[in-house]
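J.: Let me begin by handing over the structure; questions about it come next.
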Amino acid sequence: MPTSRPDSDTLRRWDIEHLWHPFTAQADWASGMPLIIERGEGVELIDSEGNRYLDGVSSLWCNVHGHRHPTIDAAIRDQLDAIAHSTLLGLTHPTAIELARHLVERAPEGLTRVFYSDNGATAVEVALKMAFQYWRQKTNPEPERSKFVALGGAYHGDTLGDVSLGGVDRFHTMFQPLLFPVLRAPIPFCYRCPLGLKRPECEIACLDEVDRLLGAHPGKVAAVVIEPIVQGAAGIVVHPEGYLRGLREITQRHGTFLIADEVAVGFGRTGTMFACEQEEVTPDFLCLAKGITGGYLPLAATLTTEEVFSAFDATAAEGKTFQHGHTYGGNPLGAAAALATLRVFDEERTLEQLGPKIEFLTERLQEFAALRHVGDIRQRGLMAGIELVLDQESKAEYPWHRQVGPRVCRRARELGLLIRPLGDVLVVMPPLSITTEQLNRMMDIMFRCVQAETEASDA
Ligand code: PMP
């Protein structure tokens, strides 16, 4: 660490003067007390004053094995001693090759081709463009297949292609004039069912809507895009069991692709390495980022099938090349971190250790149901959302300006837990390496804060 680093107050001032933070109301930020995280250790973050906090949302849903994991740290250092960056445009390098091999071995069967980029948004953007181009140049082309189906509440990143798919009004409506139209299927959100139905009597009627949508646009749909099992930004919306399998069956029947965006749910977050495994689904495209490097470095991968690849497997003269690439796609440091992350999954038997933690989280979450303003509790694996409502009976939401979710998180920070809400949905998404004891501490703090803040909101 440089000895000449400015003190915390100076850093805060410079931050407010120069930094523009993502998804941040800057006036609120400037009037608050920006927290400067200087270090990490396991599942804890340490600020510039030496205070420790549990990293309750895995530093934006990406940390897997904890911060400063010795195996990942060492792998990055070793790679640094070889080279920090080279390119996959016209060259290749050992770590990217080896990682591709390991990803294919672990991914749902049939996904044998790996295209690298550098973040979640690009991983999905790549899948969209590949799918689009595939239909134009496969044997017996179907160029009419140019539309995409996305779900209500969808979030796939912030580039314009992904924003076109997006279904979160607060993030996406502003940019409408810039976007391509998508066909919108209802979000499978049982607590707030858009069809006004109830599980299990509904028999997942929202799937029939997708079927109808595809039927109404025969031969026109390039792909259906989904965040499998759990829709993150929509509010940790856990899909009903069987939805993904049903969607796979419907897309196959209509002869179109399924793009699975596992940027948030991949790498163990839902209890299995990939969420698609839970319903034994192989999508046509699997988009990976965030946890791929253990949450260390920006790297992403879009996996697809030989069938898709074969439509691009041609000489330059044939003009079928995928004309897309990012400077840092497959960056060696990122790839080294990713390889080490996979190694840690094996060495620490991370997935096998998850069962008791998931169960423990389920138990602790049940206690929240007793609180008057908890409307719904949703969990899959070590991902959970606690939805706060103004009124349980009517499910009425709190007025936005009351900022109840952010207030709970602010209290939690004072008690040593860092969490970030999605509106009034509190997100629980710790690194998979969290111990039961730490999870217990985290849930204690959350319970106290939800109770205190919702009671204060009644006063
Ligand atoms: N897809 C999903 C499901 C996500 O949750 C996110 C980010 N939270 C993204 C894509 C975008 O990833 P990135 O922020 O790395 O671009």
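Labels used: A, B, ... for chains in the order of the structure tokens, numbers from 1 for residues in each chain, and numbers from 1 for ligands as shown.
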Excluding stretch 190-199 of chain A and its own-chain neighbours fewer than 2 positions away, which residues fall within 9 Å of it when counting only C-alpha atoms? Please give them as a list in words.
T.: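 The neighbour list is Pro186, Ile187, Pro188, Glu201, Cys202, Glu203, Ile204, Ala205, Cys206, Val237, Val238, His239, Pro240, Gly375, Asp376 and Lys395 of chain A.
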J.: Kindly export the residues of the current selection with N, CA and C atoms, as a compact mmCIF listing (two decimals), in the first residue's frame.
T.:
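Full text of selection-v2.txt as output:
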# COMPACT_ATOMS: atom_id res chain seq x y z
N PRO A 186 -45.01 -13.29 -19.29
CA PRO A 186 -45.21 -12.91 -17.88
C PRO A 186 -44.13 -13.47 -16.95
N ILE A 187 -43.78 -12.69 -15.97
CA ILE A 187 -42.81 -13.15 -14.98
C ILE A 187 -43.46 -14.25 -14.12
N PRO A 188 -42.77 -15.38 -13.93
CA PRO A 188 -43.34 -16.42 -13.07
C PRO A 188 -43.10 -16.08 -11.59
N GLU A 201 -52.58 -24.70 -8.02
CA GLU A 201 -53.73 -24.91 -8.94
C GLU A 201 -53.47 -24.34 -10.33
N CYS A 202 -52.64 -23.31 -10.39
CA CYS A 202 -52.38 -22.65 -11.68
C CYS A 202 -51.72 -23.58 -12.70
N GLU A 203 -51.05 -24.61 -12.18
CA GLU A 203 -50.29 -25.53 -13.04
C GLU A 203 -49.32 -24.77 -13.96
N ILE A 204 -48.74 -23.74 -13.40
CA ILE A 204 -47.76 -22.91 -14.12
C ILE A 204 -48.34 -22.42 -15.45
N ALA A 205 -49.50 -21.77 -15.33
CA ALA A 205 -50.19 -21.27 -16.53
C ALA A 205 -49.35 -20.23 -17.28
N CYS A 206 -48.39 -19.60 -16.58
CA CYS A 206 -47.55 -18.61 -17.26
C CYS A 206 -46.71 -19.25 -18.36
N VAL A 237 -36.70 -13.28 -7.39
CA VAL A 237 -37.96 -13.99 -7.68
C VAL A 237 -37.61 -15.44 -8.03
N VAL A 238 -38.05 -16.34 -7.16
CA VAL A 238 -37.76 -17.76 -7.37
C VAL A 238 -38.88 -18.36 -8.22
N HIS A 239 -38.52 -18.92 -9.34
CA HIS A 239 -39.53 -19.47 -10.25
C HIS A 239 -40.12 -20.76 -9.68
N PRO A 240 -41.37 -21.03 -10.03
CA PRO A 240 -41.95 -22.29 -9.56
C PRO A 240 -41.22 -23.49 -10.16
N GLY A 375 -43.72 -9.35 3.63
CA GLY A 375 -44.76 -9.86 2.74
C GLY A 375 -44.42 -11.23 2.21
N ASP A 376 -43.18 -11.41 1.82
CA ASP A 376 -42.81 -12.68 1.20
C ASP A 376 -41.34 -12.95 1.47
N LYS A 395 -50.78 -6.72 0.18
CA LYS A 395 -49.45 -6.74 -0.46
C LYS A 395 -49.05 -5.37 -1.00
J.: If we count only C-alpha atoms, what is near A:Gln323 at a cut-off of 10 Å, once residues fewer than 4 positions away on the same chain are taken out, given as a compact mmCIF listing (two decimals) with all heavy atoms, in the first residue's frame?
T.:
# COMPACT_ATOMS: atom_id res chain seq x y z
N LYS A 129 -26.44 -11.79 -30.18
CA LYS A 129 -25.91 -11.59 -31.53
C LYS A 129 -25.60 -12.92 -32.20
O LYS A 129 -25.83 -13.09 -33.39
CB LYS A 129 -24.68 -10.68 -31.48
CG LYS A 129 -25.04 -9.23 -31.18
CD LYS A 129 -23.81 -8.34 -31.03
CE LYS A 129 -23.13 -8.06 -32.36
NZ LYS A 129 -21.95 -7.15 -32.16
N MET A 130 -25.08 -13.88 -31.44
CA MET A 130 -24.79 -15.19 -32.02
C MET A 130 -26.08 -15.87 -32.49
O MET A 130 -26.13 -16.44 -33.58
CB MET A 130 -24.13 -16.10 -30.97
CG MET A 130 -22.64 -16.03 -30.93
SD MET A 130 -22.07 -17.24 -29.72
CE MET A 130 -20.32 -16.84 -29.74
N GLN A 133 -27.39 -14.19 -35.61
CA GLN A 133 -26.58 -14.48 -36.80
C GLN A 133 -26.73 -15.95 -37.22
O GLN A 133 -26.73 -16.27 -38.41
CB GLN A 133 -25.11 -14.13 -36.52
CG GLN A 133 -24.25 -14.17 -37.78
CD GLN A 133 -22.84 -13.64 -37.55
OE1 GLN A 133 -22.60 -12.86 -36.62
NE2 GLN A 133 -21.92 -14.04 -38.40
N GLY A 319 -17.61 -15.37 -45.28
CA GLY A 319 -18.33 -14.26 -44.64
C GLY A 319 -19.26 -14.66 -43.50
O GLY A 319 -20.28 -14.03 -43.29
J.: Give the answer as one residue: which of A:Val450, A:Leu60, A:Val43, A:Ala121 has the shortest atom-to-atom distance to ligand 1, using only C-alpha atoms and all ligand atoms?
T.: A:Ala121
J.: Neighbours of ligand 1 at 6 Å or closer, counting only C-alpha atoms and all ligand atoms: which residues, as a CSV table (one decimal) with N, CA, C and O atoms, in the first residue's frame?
T.:
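Final output, pocket_16.csv:
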chain,number,residue,atom,x,y,z
A,119,ASN,N,-17.8,-9.1,-19.0
A,119,ASN,CA,-18.8,-8.9,-17.9
A,119,ASN,C,-20.1,-9.5,-18.3
A,119,ASN,O,-20.3,-10.1,-19.3
A,120,GLY,N,-21.0,-9.4,-17.3
A,120,GLY,CA,-22.3,-10.1,-17.5
A,120,GLY,C,-23.1,-9.6,-18.7
A,120,GLY,O,-23.7,-10.3,-19.5
A,121,ALA,N,-23.1,-8.3,-18.8
A,121,ALA,CA,-23.9,-7.7,-19.9
A,121,ALA,C,-23.3,-8.2,-21.3
A,121,ALA,O,-24.1,-8.5,-22.2
A,155,TYR,N,-33.7,-8.8,-16.1
A,155,TYR,CA,-32.5,-7.9,-16.1
A,155,TYR,C,-31.3,-8.7,-16.6
A,155,TYR,O,-31.0,-9.8,-16.1
A,156,HIS,N,-30.7,-8.2,-17.6
A,156,HIS,CA,-29.6,-8.9,-18.2
A,156,HIS,C,-28.4,-8.0,-18.4
A,156,HIS,O,-27.4,-8.4,-19.1
A,157,GLY,N,-28.4,-6.8,-17.8
A,157,GLY,CA,-27.2,-6.0,-18.0
A,157,GLY,C,-27.6,-4.6,-18.6
A,157,GLY,O,-28.8,-4.4,-18.9
A,227,GLU,N,-33.4,-15.7,-16.9
A,227,GLU,CA,-32.5,-15.9,-15.8
A,227,GLU,C,-33.0,-17.2,-15.1
A,227,GLU,O,-34.1,-17.1,-14.5
A,232,GLY,N,-32.9,-12.3,-10.5
A,232,GLY,CA,-32.3,-11.5,-9.4
A,232,GLY,C,-32.8,-10.1,-9.3
A,232,GLY,O,-33.5,-9.8,-8.3
A,261,ASP,N,-29.2,-17.0,-18.8
A,261,ASP,CA,-28.3,-16.0,-18.3
A,261,ASP,C,-28.1,-16.4,-16.8
A,261,ASP,O,-28.8,-16.1,-15.9
A,263,VAL,N,-25.5,-15.4,-15.1
A,263,VAL,CA,-24.5,-14.4,-14.6
A,263,VAL,C,-24.6,-14.3,-13.1
A,263,VAL,O,-23.6,-14.3,-12.3
A,264,ALA,N,-25.9,-14.2,-12.5
A,264,ALA,CA,-26.1,-14.1,-11.1
A,264,ALA,C,-26.2,-15.5,-10.4
A,264,ALA,O,-25.7,-15.7,-9.3
A,290,LYS,N,-19.7,-12.7,-13.3
A,290,LYS,CA,-19.6,-12.6,-11.8
A,290,LYS,C,-18.8,-13.6,-11.1
A,290,LYS,O,-17.6,-13.5,-11.0
J.: Name the residues of stretch 79-210 of chain A that come out as strand (DSSP E or B) in a backbone DSSP run; write them as a PyMOL selection string.
T.: chain A and resi 113-117+147-151+183-185
J.: Restricting the output to N, CA, C and O atoms, write the selected residues as a PDB file, in the first residue's frame.
T.:
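File written: selection-v8.pdb
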ATOM      1  N   ARG A 113     -18.615 -25.064 -26.704  1.00  0.00           N
ATOM      2  CA  ARG A 113     -17.862 -23.943 -27.275  1.00  0.00           C
ATOM      3  C   ARG A 113     -17.918 -22.743 -26.336  1.00  0.00           C
ATOM      4  O   ARG A 113     -19.003 -22.394 -25.833  1.00  0.00           O
ATOM      5  N   VAL A 114     -16.785 -22.119 -26.147  1.00  0.00           N
ATOM      6  CA  VAL A 114     -16.684 -21.021 -25.173  1.00  0.00           C
ATOM      7  C   VAL A 114     -16.241 -19.740 -25.874  1.00  0.00           C
ATOM      8  O   VAL A 114     -15.195 -19.725 -26.515  1.00  0.00           O
ATOM      9  N   PHE A 115     -17.050 -18.708 -25.758  1.00  0.00           N
ATOM     10  CA  PHE A 115     -16.673 -17.387 -26.284  1.00  0.00           C
ATOM     11  C   PHE A 115     -16.506 -16.452 -25.084  1.00  0.00           C
ATOM     12  O   PHE A 115     -17.447 -16.239 -24.324  1.00  0.00           O
ATOM     13  N   TYR A 116     -15.324 -15.885 -24.945  1.00  0.00           N
ATOM     14  CA  TYR A 116     -15.064 -15.046 -23.778  1.00  0.00           C
ATOM     15  C   TYR A 116     -15.419 -13.580 -24.009  1.00  0.00           C
ATOM     16  O   TYR A 116     -15.243 -13.049 -25.104  1.00  0.00           O
ATOM     17  N   SER A 117     -15.864 -12.933 -22.946  1.00  0.00           N
ATOM     18  CA  SER A 117     -15.926 -11.468 -22.934  1.00  0.00           C
ATOM     19  C   SER A 117     -15.538 -11.025 -21.521  1.00  0.00           C
ATOM     20  O   SER A 117     -14.755 -11.732 -20.862  1.00  0.00           O
ATOM     21  N   LYS A 147     -36.631 -12.070 -33.582  1.00  0.00           N
ATOM     22  CA  LYS A 147     -37.223 -11.504 -32.362  1.00  0.00           C
ATOM     23  C   LYS A 147     -36.737 -12.273 -31.128  1.00  0.00           C
ATOM     24  O   LYS A 147     -36.414 -13.450 -31.219  1.00  0.00           O
ATOM     25  N   PHE A 148     -36.775 -11.560 -30.014  1.00  0.00           N
ATOM     26  CA  PHE A 148     -36.421 -12.213 -28.749  1.00  0.00           C
ATOM     27  C   PHE A 148     -37.597 -12.144 -27.786  1.00  0.00           C
ATOM     28  O   PHE A 148     -38.339 -11.152 -27.773  1.00  0.00           O
ATOM     29  N   VAL A 149     -37.736 -13.201 -27.007  1.00  0.00           N
ATOM     30  CA  VAL A 149     -38.732 -13.210 -25.933  1.00  0.00           C
ATOM     31  C   VAL A 149     -37.980 -13.031 -24.620  1.00  0.00           C
ATOM     32  O   VAL A 149     -36.979 -13.714 -24.381  1.00  0.00           O
ATOM     33  N   ALA A 150     -38.447 -12.101 -23.804  1.00  0.00           N
ATOM     34  CA  ALA A 150     -37.866 -11.924 -22.464  1.00  0.00           C
ATOM     35  C   ALA A 150     -39.008 -11.880 -21.453  1.00  0.00           C
ATOM     36  O   ALA A 150     -40.164 -11.673 -21.821  1.00  0.00           O
ATOM     37  N   LEU A 151     -38.662 -12.070 -20.208  1.00  0.00           N
ATOM     38  CA  LEU A 151     -39.696 -12.130 -19.164  1.00  0.00           C
ATOM     39  C   LEU A 151     -39.935 -10.770 -18.527  1.00  0.00           C
ATOM     40  O   LEU A 151     -39.039  -9.915 -18.516  1.00  0.00           O
ATOM     41  N   LEU A 183     -40.670  -9.490 -27.369  1.00  0.00           N
ATOM     42  CA  LEU A 183     -41.952 -10.087 -26.987  1.00  0.00           C
ATOM     43  C   LEU A 183     -41.844 -10.388 -25.498  1.00  0.00           C
ATOM     44  O   LEU A 183     -40.872 -11.019 -25.061  1.00  0.00           O
ATOM     45  N   ARG A 184     -42.826  -9.941 -24.753  1.00  0.00           N
ATOM     46  CA  ARG A 184     -42.723 -10.031 -23.294  1.00  0.00           C
ATOM     47  C   ARG A 184     -43.610 -11.153 -22.752  1.00  0.00           C
ATOM     48  O   ARG A 184     -44.809 -11.171 -22.990  1.00  0.00           O
ATOM     49  N   ALA A 185     -43.003 -12.082 -22.046  1.00  0.00           N
ATOM     50  CA  ALA A 185     -43.768 -13.158 -21.394  1.00  0.00           C
ATOM     51  C   ALA A 185     -43.926 -12.796 -19.918  1.00  0.00           C
ATOM     52  O   ALA A 185     -43.088 -12.093 -19.362  1.00  0.00           O
TER      53      ALA A 185
END
J.: Enumerate, as JSON, numbers by chain, the complete set of residues in stretch 30-82 of chain A that a backbone-based DSSP assignment places in helix (DSSP H, G or I).
T.: {"A": [30, 31, 58, 59, 60, 61, 70, 71, 72, 73, 74, 75, 76, 77, 78, 79, 80, 81, 82]}
J.: Got a sec: who's within 10 Å of A:His93, counting only C-alpha atoms, leaving out chain neighbours fewer than 5 positions off, as a list in words?
T.: Ile83, His85, Ser86, Thr87, Leu88, Glu98, Gly330, Asn331, Pro332 and Ala335 of chain A
J.: Can you pull out the residues contacting stretch 428-436 of chain A? Cut-off 6 Å, using only C-alpha atoms, and skip same-chain residues under 4 positions away; I want them as a ChimeraX atom specification.
T.: /A:56-58,63-66,357,382-384,440
J.: Keeping only all heavy atoms, write the selected residues as an mmCIF file, in the first residue's frame.
T.:
data_model
loop_
_atom_site.group_PDB
_atom_site.id
_atom_site.type_symbol
_atom_site.label_atom_id
_atom_site.label_comp_id
_atom_site.auth_asym_id
_atom_site.auth_seq_id
_atom_site.Cartn_x
_atom_site.Cartn_y
_atom_site.Cartn_z
ATOM 1 N N GLY A 56 -22.497 -9.166 2.947
ATOM 2 C CA GLY A 56 -23.786 -9.874 2.849
ATOM 3 C C GLY A 56 -24.307 -10.081 1.444
ATOM 4 O O GLY A 56 -25.205 -10.899 1.230
ATOM 5 N N VAL A 57 -23.778 -9.340 0.471
ATOM 6 C CA VAL A 57 -24.221 -9.554 -0.909
ATOM 7 C C VAL A 57 -23.033 -9.849 -1.835
ATOM 8 O O VAL A 57 -23.068 -9.569 -3.031
ATOM 9 C CB VAL A 57 -25.075 -8.379 -1.463
ATOM 10 C CG1 VAL A 57 -26.453 -8.382 -0.837
ATOM 11 C CG2 VAL A 57 -24.397 -7.041 -1.214
ATOM 12 N N SER A 58 -21.992 -10.459 -1.225
ATOM 13 C CA SER A 58 -20.864 -10.956 -2.026
ATOM 14 C C SER A 58 -20.300 -9.913 -2.987
ATOM 15 O O SER A 58 -20.005 -10.223 -4.150
ATOM 16 C CB SER A 58 -21.294 -12.194 -2.824
ATOM 17 O OG SER A 58 -21.700 -13.220 -1.972
ATOM 18 N N ASN A 63 -18.675 -12.570 -5.273
ATOM 19 C CA ASN A 63 -17.655 -13.293 -4.525
ATOM 20 C C ASN A 63 -18.164 -14.692 -4.154
ATOM 21 O O ASN A 63 -19.307 -14.865 -3.758
ATOM 22 C CB ASN A 63 -17.253 -12.515 -3.259
ATOM 23 C CG ASN A 63 -16.026 -13.121 -2.634
ATOM 24 O OD1 ASN A 63 -16.122 -14.118 -1.937
ATOM 25 N ND2 ASN A 63 -14.873 -12.558 -2.909
ATOM 26 N N VAL A 64 -17.306 -15.672 -4.274
ATOM 27 C CA VAL A 64 -17.723 -17.061 -4.056
ATOM 28 C C VAL A 64 -17.004 -17.695 -2.862
ATOM 29 O O VAL A 64 -17.632 -18.202 -1.938
ATOM 30 C CB VAL A 64 -17.452 -17.914 -5.327
ATOM 31 C CG1 VAL A 64 -17.836 -19.377 -5.079
ATOM 32 C CG2 VAL A 64 -18.212 -17.362 -6.523
ATOM 33 N N HIS A 65 -15.679 -17.666 -2.900
ATOM 34 C CA HIS A 65 -14.896 -18.379 -1.883
ATOM 35 C C HIS A 65 -14.329 -17.449 -0.817
ATOM 36 O O HIS A 65 -13.444 -17.851 -0.058
ATOM 37 C CB HIS A 65 -13.739 -19.127 -2.552
ATOM 38 C CG HIS A 65 -14.183 -20.162 -3.549
ATOM 39 N ND1 HIS A 65 -15.052 -21.184 -3.233
ATOM 40 C CD2 HIS A 65 -13.882 -20.317 -4.862
ATOM 41 C CE1 HIS A 65 -15.247 -21.941 -4.308
ATOM 42 N NE2 HIS A 65 -14.562 -21.435 -5.306
ATOM 43 N N GLY A 66 -14.806 -16.203 -0.791
ATOM 44 C CA GLY A 66 -14.275 -15.246 0.176
ATOM 45 C C GLY A 66 -13.190 -14.381 -0.465
ATOM 46 O O GLY A 66 -12.661 -14.706 -1.531
ATOM 47 N N LYS A 357 -25.739 -25.138 5.293
ATOM 48 C CA LYS A 357 -25.842 -23.670 5.331
ATOM 49 C C LYS A 357 -27.178 -23.229 4.736
ATOM 50 O O LYS A 357 -27.827 -22.308 5.239
ATOM 51 C CB LYS A 357 -24.701 -23.039 4.535
ATOM 52 C CG LYS A 357 -23.312 -23.391 5.020
ATOM 53 C CD LYS A 357 -22.257 -22.632 4.231
ATOM 54 C CE LYS A 357 -20.924 -23.353 4.306
ATOM 55 N NZ LYS A 357 -19.845 -22.651 3.625
ATOM 56 N N LEU A 382 -28.155 -20.318 -1.521
ATOM 57 C CA LEU A 382 -27.721 -19.226 -0.638
ATOM 58 C C LEU A 382 -28.115 -17.868 -1.196
ATOM 59 O O LEU A 382 -27.452 -16.855 -0.957
ATOM 60 C CB LEU A 382 -26.208 -19.278 -0.412
ATOM 61 C CG LEU A 382 -25.705 -20.169 0.725
ATOM 62 C CD1 LEU A 382 -24.233 -19.914 1.001
ATOM 63 C CD2 LEU A 382 -26.505 -20.011 2.022
ATOM 64 N N MET A 383 -29.200 -17.847 -1.960
ATOM 65 C CA MET A 383 -29.759 -16.594 -2.483
ATOM 66 C C MET A 383 -31.125 -16.430 -1.845
ATOM 67 O O MET A 383 -31.937 -17.360 -1.915
ATOM 68 C CB MET A 383 -30.039 -16.734 -3.981
ATOM 69 C CG MET A 383 -28.970 -16.368 -4.926
ATOM 70 S SD MET A 383 -29.558 -16.654 -6.628
ATOM 71 C CE MET A 383 -29.548 -14.993 -7.258
ATOM 72 N N ALA A 384 -31.378 -15.275 -1.252
ATOM 73 C CA ALA A 384 -32.715 -15.077 -0.688
ATOM 74 C C ALA A 384 -33.122 -13.619 -0.787
ATOM 75 O O ALA A 384 -32.277 -12.721 -0.870
ATOM 76 C CB ALA A 384 -32.755 -15.538 0.770
ATOM 77 N N ASN A 440 -25.377 -16.888 10.887
ATOM 78 C CA ASN A 440 -26.218 -16.632 12.057
ATOM 79 C C ASN A 440 -26.116 -15.152 12.461
ATOM 80 O O ASN A 440 -27.130 -14.486 12.687
ATOM 81 C CB ASN A 440 -25.733 -17.532 13.205
ATOM 82 C CG ASN A 440 -26.727 -17.586 14.337
ATOM 83 O OD1 ASN A 440 -27.938 -17.546 14.100
ATOM 84 N ND2 ASN A 440 -26.230 -17.663 15.562
#
J.: Can you tell me, as JSON, numbers by chain, what residues are no more than 9 Å from A:Phe175 when counting only C-alpha atoms, ignoring any on the same chain fewer than 6 positions away?
T.: {"A": [160, 163, 164]}
J.: Could you turn the residues from that selection into a file that holds all heavy atoms, as a tab-separated table (two decimals), in the first residue's frame?
T.:
chain	number	residue	atom	x	y	z
A	160	LEU	N	-27.27	-1.67	-24.50
A	160	LEU	CA	-28.60	-1.44	-25.08
A	160	LEU	C	-29.33	-2.72	-25.51
A	160	LEU	O	-30.55	-2.79	-25.41
A	160	LEU	CB	-28.50	-0.44	-26.24
A	160	LEU	CG	-28.25	1.00	-25.76
A	160	LEU	CD1	-28.04	1.92	-26.95
A	160	LEU	CD2	-29.40	1.51	-24.90
A	163	VAL	N	-30.64	-4.01	-22.29
A	163	VAL	CA	-31.70	-3.12	-21.79
A	163	VAL	C	-32.98	-3.36	-22.60
A	163	VAL	O	-34.08	-3.31	-22.07
A	163	VAL	CB	-31.24	-1.65	-21.83
A	163	VAL	CG1	-32.39	-0.70	-21.50
A	163	VAL	CG2	-30.10	-1.42	-20.83
A	164	SER	N	-32.84	-3.70	-23.88
A	164	SER	CA	-34.02	-4.03	-24.69
A	164	SER	C	-34.76	-5.22	-24.08
A	164	SER	O	-35.99	-5.26	-24.06
A	164	SER	CB	-33.61	-4.37	-26.13
A	164	SER	OG	-33.04	-3.25	-26.75
J.: How many Å lie between atom CA of A:Leu418 and atom CA of A:Ala452, rounded to one decimal?
T.: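 According to the coordinates, atom CA of A:Leu418 and atom CA of A:Ala452 are separated by 16.8 Å.
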